[in-house]
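Structure record follows, encoded as structure tokens.
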Amino acid sequence: MKIEYKPRKEVPGTTPKEPSSPQAAEIDQDATPSATPKLPELSEPEEARNTLPLLPDPSPPAPPAPPAPPAQDNESPSRYQGNEEEKNVPVPTKLETREIACFECGDTHPANVRANSSQCRSCGRLISMENREIKDAISSCIQTRGDVHIYKKGIVHSAPIQCKNLIVEGDFTGDAECSGDLILRRNGKITGKVTCRRLFVEKRAKIEFINSVVMDECTIDGLVTGHLACRGLLALEKKATLTGNIKVGRLTVADGAKHTGQIQMGGF
């Protein structure tokens with residue numbers, strides 16, 4: 001197979017132009033579009049071009065200073081102040097107790113003053129500590145280490161009472177054993193035995209004791225008939241009238257008070 005080469009036909013009247021000068025060549029070169037577009041040069045101030053960028057400080061930042069300790073009060077000896085919640089915690093109050101005696105074995109032990117009952121530590125018996133109010137007639141015995149109040153309409157006949165404090169405004173004729181005070185405020189005859197720590201016979205009260213009365217202290221401001229034995233002070237006030245033999249540790253008689261009977265000082 002033969003390949004024939006044909007000569008290139010030239011258009012008549014056209015001749016390739018040669019650049020007449022280097023400047024014309026540069027113009028032609030600039031006029032020729034480039035494959036990659038040329039970005040415009042940004043104009044930067046001369047000071048920015050001559051200034052180097054600031055590099056970050058390689059050293060780590062200094063830790064923050066610890067807060068200053070709170071100022072302590074010189075008057076407080078404690079080194080630990082505690083937070084507000086601990087300061088506001090209520091402090092438990094001290095338990096209030098009093099000595100009570102067992103009705104069965106006589107042993108004494110401390111008991112909570114707000115309790116209604118307590119158990120004897122020796123014999124195990126339950127001891128009542130409730131307060132009793134007598135407003136009508138009863139005939140059963142009363143045993144409590146609380147207080148007993150016999151009101152004006154209250155009647156206790158031939159029934160023994162064992163309590164702490166006994167206040168009599170009504171009718172009472174039985175035995176009375178009080179670890180505290182016996183307060184008599186009205187007329188009456190007490191046929192039973194009476195033992196108390198302090199005896200008070202108030203004004204306008206007329207009391208007759210058939211059996212002996214034993215107490216540690218006694219104050220009389222009414223009319224009393226009976227034999228009394230007082231280990232401590234027996235005081236007769238202005239309105240007092242006492243008829244009977246007395247055995248006392250000390251005796252004081254106010255102006256206007258009267259006493260009929262024998263007096264024995266001491267000898268308990």
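Ligands are numbered from 1 in the order shown, chains are lettered A, B, ... in the order of the structure tokens, and residues start at 1 in each chain.
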Checklist line | Lys189 in chain A surroundings by only C-alpha atoms, 10 Å radius, close-in-sequence under 6 positions cut, as an MDAnalysis selection string | finding: chainID A and resid 171:174 206:210 225
Notebook entry, point to check: Which residues in range 60-262 of chain A does DSSP call strand (DSSP E or B)? List them as a PyMOL selection string.
Noted result: chain A and resi 97-101+108-112+117-119+126-128+132-134+137-138+142-143+148-150+155-156+161-163+166-168+171-172+176-178+181-184+188-190+194-195+198-201+206-209+213-215+217-220+223-225+228-236+241-243+246-253+258-260
Check: So how many Å separate CA of Thr260 in chain A and CA of His227 in chain A, to one decimal?
Finding: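 Straight-line distance from CA of Thr260 in chain A to CA of His227 in chain A works out to 11.0 Å.
Atom to atom, CA of Glu99 in chain A and CA of Val248 in chain A stand 26.8 Å apart.
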Item checked: Gly232 in chain A surroundings by only C-alpha atoms, 9 Å radius, close-in-sequence under 3 positions cut, as a list of chain:residue names -> A:Met215, A:Asp216, A:Glu217, A:Cys218, A:Val248, A:Gly249, A:Arg250, A:Leu251, A:Gly266
Checklist line | Among listed residues A:Arg132, A:Arg121, A:Arg186, A:Lys164, nearest Lys152 in chain A (using only C-alpha atoms) | finding: A:Arg186
